[in-house]
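This is entry_27.csv (CSV, C-alpha atoms).
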chain,number,residue,atom,x,y,z
A,1,MET,CA,24.4,20.2,19.9
A,2,ASN,CA,23.0,23.7,20.0
A,3,PRO,CA,19.1,23.3,20.0
A,4,VAL,CA,18.6,26.2,17.6
A,5,LEU,CA,21.1,24.7,15.2
A,6,LEU,CA,19.5,21.3,15.6
A,7,ASP,CA,16.0,22.8,14.8
A,8,ILE,CA,17.3,24.5,11.7
A,9,LEU,CA,19.1,21.3,10.5
A,10,THR,CA,15.9,19.2,11.1
A,11,GLY,CA,13.8,21.7,9.2
A,12,VAL,CA,16.1,21.9,6.2
A,13,LEU,CA,16.5,18.1,5.9
A,14,VAL,CA,12.7,17.5,6.2
A,15,LEU,CA,12.0,20.1,3.6
A,16,ALA,CA,14.6,18.6,1.3
A,17,GLY,CA,12.9,15.2,1.5
A,18,ALA,CA,9.5,16.8,1.0
A,19,ALA,CA,10.8,18.8,-2.0
A,20,MET,CA,12.1,15.5,-3.6
A,21,CYS,CA,8.7,13.9,-3.2
A,22,LEU,CA,6.9,16.9,-4.7
A,23,ALA,CA,9.4,17.0,-7.6
A,24,ALA,CA,8.8,13.3,-8.3
A,25,GLY,CA,5.1,13.9,-8.4
A,26,ILE,CA,5.4,16.8,-10.8
A,27,GLY,CA,7.9,14.9,-13.0
A,28,LEU,CA,5.4,12.0,-13.2
A,29,ILE,CA,2.8,14.3,-14.6
A,30,ARG,CA,5.0,16.5,-16.8
A,31,PHE,CA,7.4,14.0,-18.5
A,32,PRO,CA,6.4,12.4,-21.8
A,33,ASP,CA,7.3,8.7,-21.6
A,34,VAL,CA,8.2,5.8,-19.3
A,35,LEU,CA,11.9,6.3,-19.3
A,36,SER,CA,11.9,10.0,-18.4
A,37,ARG,CA,9.2,9.3,-15.8
A,38,LEU,CA,11.6,6.7,-14.4
A,39,HIS,CA,14.2,9.4,-14.1
A,40,ALA,CA,11.9,11.6,-12.1
A,41,ALA,CA,10.7,8.7,-9.9
A,42,THR,CA,14.1,7.6,-8.6
A,43,LYS,CA,14.9,10.9,-6.8
A,44,PRO,CA,12.8,10.6,-3.6
A,45,GLN,CA,13.6,6.8,-3.4
A,46,ILE,CA,17.3,7.6,-2.7
A,47,PHE,CA,17.9,11.2,-1.9
A,48,GLY,CA,14.7,11.9,-0.1
A,49,LEU,CA,15.1,8.8,2.0
A,50,MET,CA,18.7,9.7,2.8
A,51,ALA,CA,17.8,13.2,3.9
A,52,VAL,CA,14.9,12.1,6.1
A,53,THR,CA,16.7,9.2,7.7
A,54,ALA,CA,19.8,11.3,8.4
A,55,ASP,CA,17.5,13.7,10.0
A,56,VAL,CA,16.1,10.9,12.3
A,57,ALA,CA,19.7,9.9,13.1
A,58,ILE,CA,20.9,13.3,14.1
A,59,ASN,CA,17.8,13.8,16.3
A,60,ASN,CA,18.2,10.5,18.2
A,61,PHE,CA,22.0,9.9,18.0
A,62,SER,CA,22.7,6.4,19.3
A,63,VAL,CA,24.3,3.3,18.0
A,64,GLY,CA,21.1,1.4,17.4
A,65,THR,CA,19.5,4.3,15.5
A,66,VAL,CA,22.5,4.9,13.2
A,67,THR,CA,22.8,1.2,12.5
A,68,LEU,CA,19.2,0.9,11.5
A,69,VAL,CA,19.4,4.0,9.4
A,70,VAL,CA,22.4,2.8,7.5
A,71,ALA,CA,20.7,-0.6,7.0
A,72,ILE,CA,17.6,1.2,5.6
A,73,VAL,CA,19.6,3.3,3.1
A,74,VAL,CA,21.8,0.4,2.0
A,75,PHE,CA,18.7,-1.9,1.4
A,76,GLN,CA,16.9,0.9,-0.5
A,77,ALA,CA,20.1,1.6,-2.6
A,78,LEU,CA,20.3,-2.1,-3.4
A,79,THR,CA,16.6,-2.7,-4.4
A,80,ALA,CA,15.6,0.6,-6.1
A,81,PRO,CA,18.1,0.4,-9.0
A,82,MET,CA,17.1,-3.2,-9.6
A,83,ALA,CA,13.5,-2.3,-9.9
A,84,ALA,CA,14.3,0.7,-12.1
A,85,HIS,CA,16.5,-1.4,-14.4
A,86,LEU,CA,13.8,-4.1,-14.8
A,87,VAL,CA,11.1,-1.5,-15.5
A,88,GLY,CA,13.4,0.3,-18.0
A,89,ARG,CA,14.2,-2.9,-19.8
A,90,ALA,CA,10.6,-3.9,-19.9
A,91,ALA,CA,9.6,-0.5,-21.2
A,92,TYR,CA,12.2,-0.8,-24.0
A,93,GLU,CA,11.1,-4.3,-25.0
A,94,THR,CA,7.4,-3.4,-25.1
A,95,GLU,CA,8.2,-0.1,-26.8
A,96,HIS,CA,6.6,2.1,-24.3
A,97,LEU,CA,9.0,4.9,-25.2
A,98,ARG,CA,9.4,7.7,-27.7
A,99,PRO,CA,12.4,6.9,-29.9
A,100,ASP,CA,12.6,10.5,-31.1
A,101,LEU,CA,13.7,11.5,-27.5
A,102,LEU,CA,16.6,9.0,-27.3
A,103,ILE,CA,20.0,10.4,-28.0
A,104,VAL,CA,21.8,7.1,-28.0
A,105,ASP,CA,20.0,3.8,-28.6
A,106,GLU,CA,22.6,1.0,-28.0
A,107,LEU,CA,20.0,-1.7,-28.0
A,108,ARG,CA,18.8,-1.0,-31.6
A,109,ASP,CA,21.1,-3.6,-33.2
A,110,ARG,CA,20.0,-6.3,-30.8
A,111,ARG,CA,16.4,-5.5,-31.4
A,112,ALA,CA,16.9,-5.8,-35.1
A,113,GLU,CA,18.4,-9.3,-34.7
A,114,ARG,CA,15.4,-10.7,-32.9
B,1,MET,CA,8.8,27.5,13.6
B,2,MET,CA,8.8,23.7,13.5
B,3,THR,CA,5.0,23.8,13.1
B,4,ILE,CA,5.4,25.9,9.9
B,5,VAL,CA,8.0,23.4,8.6
B,6,ALA,CA,5.7,20.5,9.4
B,7,VAL,CA,2.7,22.1,7.6
B,8,VAL,CA,4.8,23.0,4.5
B,9,ALA,CA,6.4,19.5,4.4
B,10,GLY,CA,3.0,17.9,4.8
B,11,LEU,CA,1.6,19.9,2.0
B,12,MET,CA,4.5,18.9,-0.3
B,13,PHE,CA,4.1,15.2,0.6
B,14,ALA,CA,0.4,15.4,0.0
B,15,ILE,CA,0.7,17.1,-3.4
B,16,GLY,CA,3.4,14.6,-4.5
B,17,ALA,CA,1.3,11.7,-3.4
B,18,LEU,CA,-1.8,13.0,-5.1
B,19,LEU,CA,0.1,13.6,-8.4
B,20,ALA,CA,1.4,10.0,-8.2
B,21,VAL,CA,-2.2,8.7,-7.6
B,22,TYR,CA,-3.3,10.7,-10.7
B,23,ARG,CA,-0.6,9.0,-12.8
B,24,ILE,CA,-1.8,5.6,-11.4
B,25,VAL,CA,-5.3,6.4,-12.5
B,26,VAL,CA,-4.7,7.8,-16.0
B,27,GLY,CA,-1.3,6.3,-16.8
B,28,PRO,CA,-1.3,5.1,-20.4
B,29,SER,CA,0.7,1.9,-19.8
B,30,VAL,CA,1.0,-0.5,-16.9
B,31,LEU,CA,4.7,0.5,-16.5
B,32,ASP,CA,3.6,4.1,-15.8
B,33,ARG,CA,1.4,2.8,-13.0
B,34,VAL,CA,4.2,0.7,-11.6
B,35,ILE,CA,6.5,3.7,-11.5
B,36,ALA,CA,3.8,5.9,-9.9
B,37,GLY,CA,3.2,3.2,-7.3
B,38,ASP,CA,6.9,3.2,-6.5
B,39,VAL,CA,6.8,7.0,-6.1
B,40,LEU,CA,3.8,6.6,-3.8
B,41,VAL,CA,5.6,4.1,-1.5
B,42,ALA,CA,8.7,6.4,-1.5
B,43,THR,CA,6.5,9.3,-0.5
B,44,ALA,CA,5.0,7.2,2.3
B,45,ILE,CA,8.5,6.3,3.5
B,46,CYS,CA,9.6,9.9,3.5
B,47,ALA,CA,6.5,11.1,5.3
B,48,LEU,CA,6.9,8.5,8.1
B,49,GLY,CA,10.6,9.5,8.4
B,50,ALA,CA,9.8,13.2,8.5
B,51,GLU,CA,7.2,12.6,11.2
B,52,MET,CA,9.8,10.8,13.2
B,53,ALA,CA,12.4,13.6,12.8
B,54,LEU,CA,10.0,16.3,13.7
B,55,ASN,CA,8.6,14.5,16.8
B,56,ARG,CA,12.1,13.2,17.8
B,57,HIS,CA,11.3,9.5,18.2
B,58,THR,CA,12.3,6.4,16.3
B,59,ASP,CA,9.2,4.2,16.5
B,60,ASN,CA,8.7,3.9,12.7
B,61,LEU,CA,12.3,2.8,11.8
B,62,PRO,CA,11.4,-0.9,11.5
B,63,VAL,CA,8.5,0.1,9.2
B,64,LEU,CA,10.9,2.0,7.0
B,65,LEU,CA,13.3,-1.0,6.9
B,66,VAL,CA,10.5,-3.4,5.8
B,67,LEU,CA,9.3,-1.0,3.2
B,68,ALA,CA,12.8,-0.4,1.8
B,69,LEU,CA,13.3,-4.1,1.5
B,70,PHE,CA,9.9,-5.3,0.1
B,71,ALA,CA,8.3,-2.3,-1.6
B,72,VAL,CA,10.1,-3.3,-4.9
B,73,LEU,CA,8.6,-6.8,-5.1
B,74,GLY,CA,5.5,-5.5,-6.9
B,75,SER,CA,7.5,-3.7,-9.6
B,76,PHE,CA,9.8,-6.7,-10.0
B,77,SER,CA,6.9,-9.1,-10.7
B,78,VAL,CA,5.0,-6.7,-13.0
B,79,ALA,CA,8.1,-5.7,-15.0
B,80,ARG,CA,9.5,-9.2,-15.2
B,81,PHE,CA,6.3,-10.9,-16.3
B,82,LEU,CA,4.9,-8.2,-18.5
B,83,PRO,CA,3.6,-9.7,-21.8
B,84,ALA,CA,5.5,-8.6,-24.9
B,85,ARG,CA,2.4,-6.9,-26.4
B,86,ASP,CA,-0.1,-5.1,-24.2
B,87,ASN,CA,-1.9,-1.9,-24.5
B,88,ALA,CA,-3.4,-1.9,-21.0
Could you write out this file's structure as structure tokens?
Amino acid sequence: MNPVLLDILTGVLVLAGAAMCLAAGIGLIRFPDVLSRLHAATKPQIFGLMAVTADVAINNFSVGTVTLVVAIVVFQALTAPMAAHLVGRAAYETEHLRPDLLIVDELRDRRAER
Amino acid sequence: MMTIVAVVAGLMFAIGALLAVYRIVVGPSVLDRVIAGDVLVATAICALGAEMALNRHTDNLPVLLVLALFAVLGSFSVARFLPARDNA
């Protein structure tokens, strides 16, 4: 590949990953409750990781590198939503959320039964 | 040009990590601290990957694989075994 084009692609992808991490930090500080902070926190876990690992793959393009990169992204995409789901459910059950910010609360009936 | 990209990206990683550490310190509930810890691990993963991409080597890829697999175990255990009432 053209070296100048490769440099530009590398810089853009690295800056995209870094911008995701910065946005997650700012979201953690600015957002009001656990569920909205969860929304901010899941951005660098998937998109930032995908940008950075794709960057590594295009800089050292070989079968081993691409396989490892695909494995990393797949495992992160499997584990990060499970953690987010568990944390969100725990936040709901321990009422670490602001009910006035919810648009739809589908679990309200189940909570009333308990 | 790549030096400028490296400095800017490093500053963004550093500010993101510092904001996550701030949320870990002051976070009102333990779940906020768990989320901020996840963000800190994700920032570390992205920083390792960015260093690999900028220096054109692949030495840290196994570290990324292990972190992607096992970084969530802490959030799992805390969120699963959180007591129903806590104000910590």
Task: Exercise: Gly49 (chain B) partners within 9 Å, only C-alpha atoms, chain neighbours under 4 positions left out, as a PyMOL selection string - done: (chain A and resi 14+49+52-53+55-56) or (chain B and resi 44-45+53-54+58+60-61+64)
Got time to write the residues from that selection, C-alpha atoms, as an mmCIF file, in the coordinates of the input?
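Result file is selection-v9.cif:
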data_model
loop_
_atom_site.group_PDB
_atom_site.id
_atom_site.type_symbol
_atom_site.label_atom_id
_atom_site.label_comp_id
_atom_site.auth_asym_id
_atom_site.auth_seq_id
_atom_site.Cartn_x
_atom_site.Cartn_y
_atom_site.Cartn_z
ATOM 1 C CA VAL A 14 12.700 17.500 6.200
ATOM 2 C CA LEU A 49 15.100 8.800 2.000
ATOM 3 C CA VAL A 52 14.900 12.100 6.100
ATOM 4 C CA THR A 53 16.700 9.200 7.700
ATOM 5 C CA ASP A 55 17.500 13.700 10.000
ATOM 6 C CA VAL A 56 16.100 10.900 12.300
ATOM 7 C CA ALA B 44 5.000 7.200 2.300
ATOM 8 C CA ILE B 45 8.500 6.300 3.500
ATOM 9 C CA ALA B 53 12.400 13.600 12.800
ATOM 10 C CA LEU B 54 10.000 16.300 13.700
ATOM 11 C CA THR B 58 12.300 6.400 16.300
ATOM 12 C CA ASN B 60 8.700 3.900 12.700
ATOM 13 C CA LEU B 61 12.300 2.800 11.800
ATOM 14 C CA LEU B 64 10.900 2.000 7.000
#
Task: Atom-to-atom span, CA of Asp38 (chain B) and CA of Phe31 (chain A), Å - done: 16.2 Å
Task: Contacts of region 99-103 of chain A within 10 Å, all atoms listed in the file, excl. fewer than 6 positions in-chain, as a PyMOL selection string - done: chain A and resi 32-33+35-36+92
Write out as a PDB file with C-alpha atoms, keeping the file's coordinate frame the residues lying within 10 Å of Ala54 (chain A), counting only C-alpha atoms and excluding same-chain residues fewer than 4 positions away.
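Output below, filename around21.pdb:
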ATOM      1  CA  THR A  10      15.900  19.200  11.100  1.00  0.00           C
ATOM      2  CA  LEU A  13      16.500  18.100   5.900  1.00  0.00           C
ATOM      3  CA  VAL A  14      12.700  17.500   6.200  1.00  0.00           C
ATOM      4  CA  GLY A  48      14.700  11.900  -0.100  1.00  0.00           C
ATOM      5  CA  LEU A  49      15.100   8.800   2.000  1.00  0.00           C
ATOM      6  CA  MET A  50      18.700   9.700   2.800  1.00  0.00           C
ATOM      7  CA  ILE A  58      20.900  13.300  14.100  1.00  0.00           C
ATOM      8  CA  ASN A  59      17.800  13.800  16.300  1.00  0.00           C
ATOM      9  CA  ASN A  60      18.200  10.500  18.200  1.00  0.00           C
ATOM     10  CA  PHE A  61      22.000   9.900  18.000  1.00  0.00           C
ATOM     11  CA  THR A  65      19.500   4.300  15.500  1.00  0.00           C
ATOM     12  CA  VAL A  66      22.500   4.900  13.200  1.00  0.00           C
ATOM     13  CA  VAL A  69      19.400   4.000   9.400  1.00  0.00           C
ATOM     14  CA  VAL A  70      22.400   2.800   7.500  1.00  0.00           C
ATOM     15  CA  VAL A  73      19.600   3.300   3.100  1.00  0.00           C
TER      16      VAL A  73
ATOM     17  CA  GLY B  49      10.600   9.500   8.400  1.00  0.00           C
ATOM     18  CA  ALA B  53      12.400  13.600  12.800  1.00  0.00           C
TER      19      ALA B  53
END
Task: d(CA of Leu107 (chain A), CA of Arg89 (chain A)) in Å - done: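 Between CA of Leu107 (chain A) and CA of Arg89 (chain A) the gap works out to 10.1 Å.
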Open item on the list: Within 6 Å of chain B, which residues belong to chain A? Use only C-alpha atoms and report them as number ranges by chain.
Closed with: A: 14-15, 18, 21-22, 25, 41, 45, 49, 52, 55-56, 59, 72, 75-76, 83, 86-87, 90, 94
TODO: Quick one: pull the distance between CA of Ala51 (chain A) and CA of Gly17 (chain A), Å, one decimal.
DONE: 5.8 Å
Open item on the list: Using all atoms listed in the file - which residues lie no farther than 6 Å from the point (12.0, 12.3, -7.9) in the file's frame? Write them as a PyMOL selection string.
Closed with: chain A and resi 20-21+23-24+40-44
Task: Among the residues A:Ala71, A:Asp109, A:Glu95, A:His85, the one that comes closest to Leu38 (chain A) [using only C-alpha atoms] - done: A:His85
Final N, CA and C atoms of region 15-35 of chain B as a PDB file, in the coordinates of the input:
ATOM      1  N   ILE B  15       0.818  16.776  -1.963  1.00  0.00           N
ATOM      2  CA  ILE B  15       0.700  17.100  -3.400  1.00  0.00           C
ATOM      3  C   ILE B  15       1.450  16.044  -4.222  1.00  0.00           C
ATOM      4  N   GLY B  16       2.655  15.661  -3.764  1.00  0.00           N
ATOM      5  CA  GLY B  16       3.400  14.600  -4.500  1.00  0.00           C
ATOM      6  C   GLY B  16       2.645  13.320  -4.548  1.00  0.00           C
ATOM      7  N   ALA B  17       2.045  12.906  -3.434  1.00  0.00           N
ATOM      8  CA  ALA B  17       1.300  11.700  -3.400  1.00  0.00           C
ATOM      9  C   ALA B  17       0.069  11.741  -4.311  1.00  0.00           C
ATOM     10  N   LEU B  18      -0.619  12.907  -4.299  1.00  0.00           N
ATOM     11  CA  LEU B  18      -1.800  13.000  -5.100  1.00  0.00           C
ATOM     12  C   LEU B  18      -1.444  12.992  -6.618  1.00  0.00           C
ATOM     13  N   LEU B  19      -0.316  13.613  -6.996  1.00  0.00           N
ATOM     14  CA  LEU B  19       0.100  13.600  -8.400  1.00  0.00           C
ATOM     15  C   LEU B  19       0.444  12.124  -8.795  1.00  0.00           C
ATOM     16  N   ALA B  20       1.067  11.359  -7.873  1.00  0.00           N
ATOM     17  CA  ALA B  20       1.400  10.000  -8.200  1.00  0.00           C
ATOM     18  C   ALA B  20       0.079   9.155  -8.343  1.00  0.00           C
ATOM     19  N   VAL B  21      -0.934   9.427  -7.492  1.00  0.00           N
ATOM     20  CA  VAL B  21      -2.200   8.700  -7.600  1.00  0.00           C
ATOM     21  C   VAL B  21      -2.876   9.070  -8.952  1.00  0.00           C
ATOM     22  N   TYR B  22      -2.752  10.349  -9.360  1.00  0.00           N
ATOM     23  CA  TYR B  22      -3.300  10.700 -10.700  1.00  0.00           C
ATOM     24  C   TYR B  22      -2.652   9.955 -11.788  1.00  0.00           C
ATOM     25  N   ARG B  23      -1.316   9.781 -11.707  1.00  0.00           N
ATOM     26  CA  ARG B  23      -0.600   9.000 -12.800  1.00  0.00           C
ATOM     27  C   ARG B  23      -1.033   7.562 -12.715  1.00  0.00           C
ATOM     28  N   ILE B  24      -1.298   7.014 -11.504  1.00  0.00           N
ATOM     29  CA  ILE B  24      -1.800   5.600 -11.400  1.00  0.00           C
ATOM     30  C   ILE B  24      -3.131   5.497 -12.101  1.00  0.00           C
ATOM     31  N   VAL B  25      -3.999   6.512 -11.928  1.00  0.00           N
ATOM     32  CA  VAL B  25      -5.300   6.400 -12.500  1.00  0.00           C
ATOM     33  C   VAL B  25      -5.318   6.540 -13.996  1.00  0.00           C
ATOM     34  N   VAL B  26      -4.628   7.554 -14.530  1.00  0.00           N
ATOM     35  CA  VAL B  26      -4.700   7.800 -16.000  1.00  0.00           C
ATOM     36  C   VAL B  26      -3.581   7.182 -16.763  1.00  0.00           C
ATOM     37  N   GLY B  27      -2.532   6.670 -16.070  1.00  0.00           N
ATOM     38  CA  GLY B  27      -1.300   6.300 -16.800  1.00  0.00           C
ATOM     39  C   GLY B  27      -1.536   5.439 -17.998  1.00  0.00           C
ATOM     40  N   PRO B  28      -0.950   5.826 -19.132  1.00  0.00           N
ATOM     41  CA  PRO B  28      -1.300   5.100 -20.400  1.00  0.00           C
ATOM     42  C   PRO B  28      -0.853   3.666 -20.396  1.00  0.00           C
ATOM     43  N   SER B  29       0.282   3.316 -19.784  1.00  0.00           N
ATOM     44  CA  SER B  29       0.700   1.900 -19.800  1.00  0.00           C
ATOM     45  C   SER B  29       0.818   1.404 -18.372  1.00  0.00           C
ATOM     46  N   VAL B  30       0.909   0.070 -18.238  1.00  0.00           N
ATOM     47  CA  VAL B  30       1.000  -0.500 -16.900  1.00  0.00           C
ATOM     48  C   VAL B  30       2.341  -0.136 -16.257  1.00  0.00           C
ATOM     49  N   LEU B  31       3.379   0.127 -17.075  1.00  0.00           N
ATOM     50  CA  LEU B  31       4.700   0.500 -16.500  1.00  0.00           C
ATOM     51  C   LEU B  31       4.614   1.871 -15.844  1.00  0.00           C
ATOM     52  N   ASP B  32       3.835   2.792 -16.446  1.00  0.00           N
ATOM     53  CA  ASP B  32       3.600   4.100 -15.800  1.00  0.00           C
ATOM     54  C   ASP B  32       3.012   3.928 -14.425  1.00  0.00           C
ATOM     55  N   ARG B  33       2.053   2.998 -14.339  1.00  0.00           N
ATOM     56  CA  ARG B  33       1.400   2.800 -13.000  1.00  0.00           C
ATOM     57  C   ARG B  33       2.345   2.176 -12.039  1.00  0.00           C
ATOM     58  N   VAL B  34       3.228   1.276 -12.502  1.00  0.00           N
ATOM     59  CA  VAL B  34       4.200   0.700 -11.600  1.00  0.00           C
ATOM     60  C   VAL B  34       5.142   1.756 -11.045  1.00  0.00           C
ATOM     61  N   ILE B  35       5.617   2.643 -11.936  1.00  0.00           N
ATOM     62  CA  ILE B  35       6.500   3.700 -11.500  1.00  0.00           C
ATOM     63  C   ILE B  35       5.829   4.627 -10.503  1.00  0.00           C
TER      64      ILE B  35
END
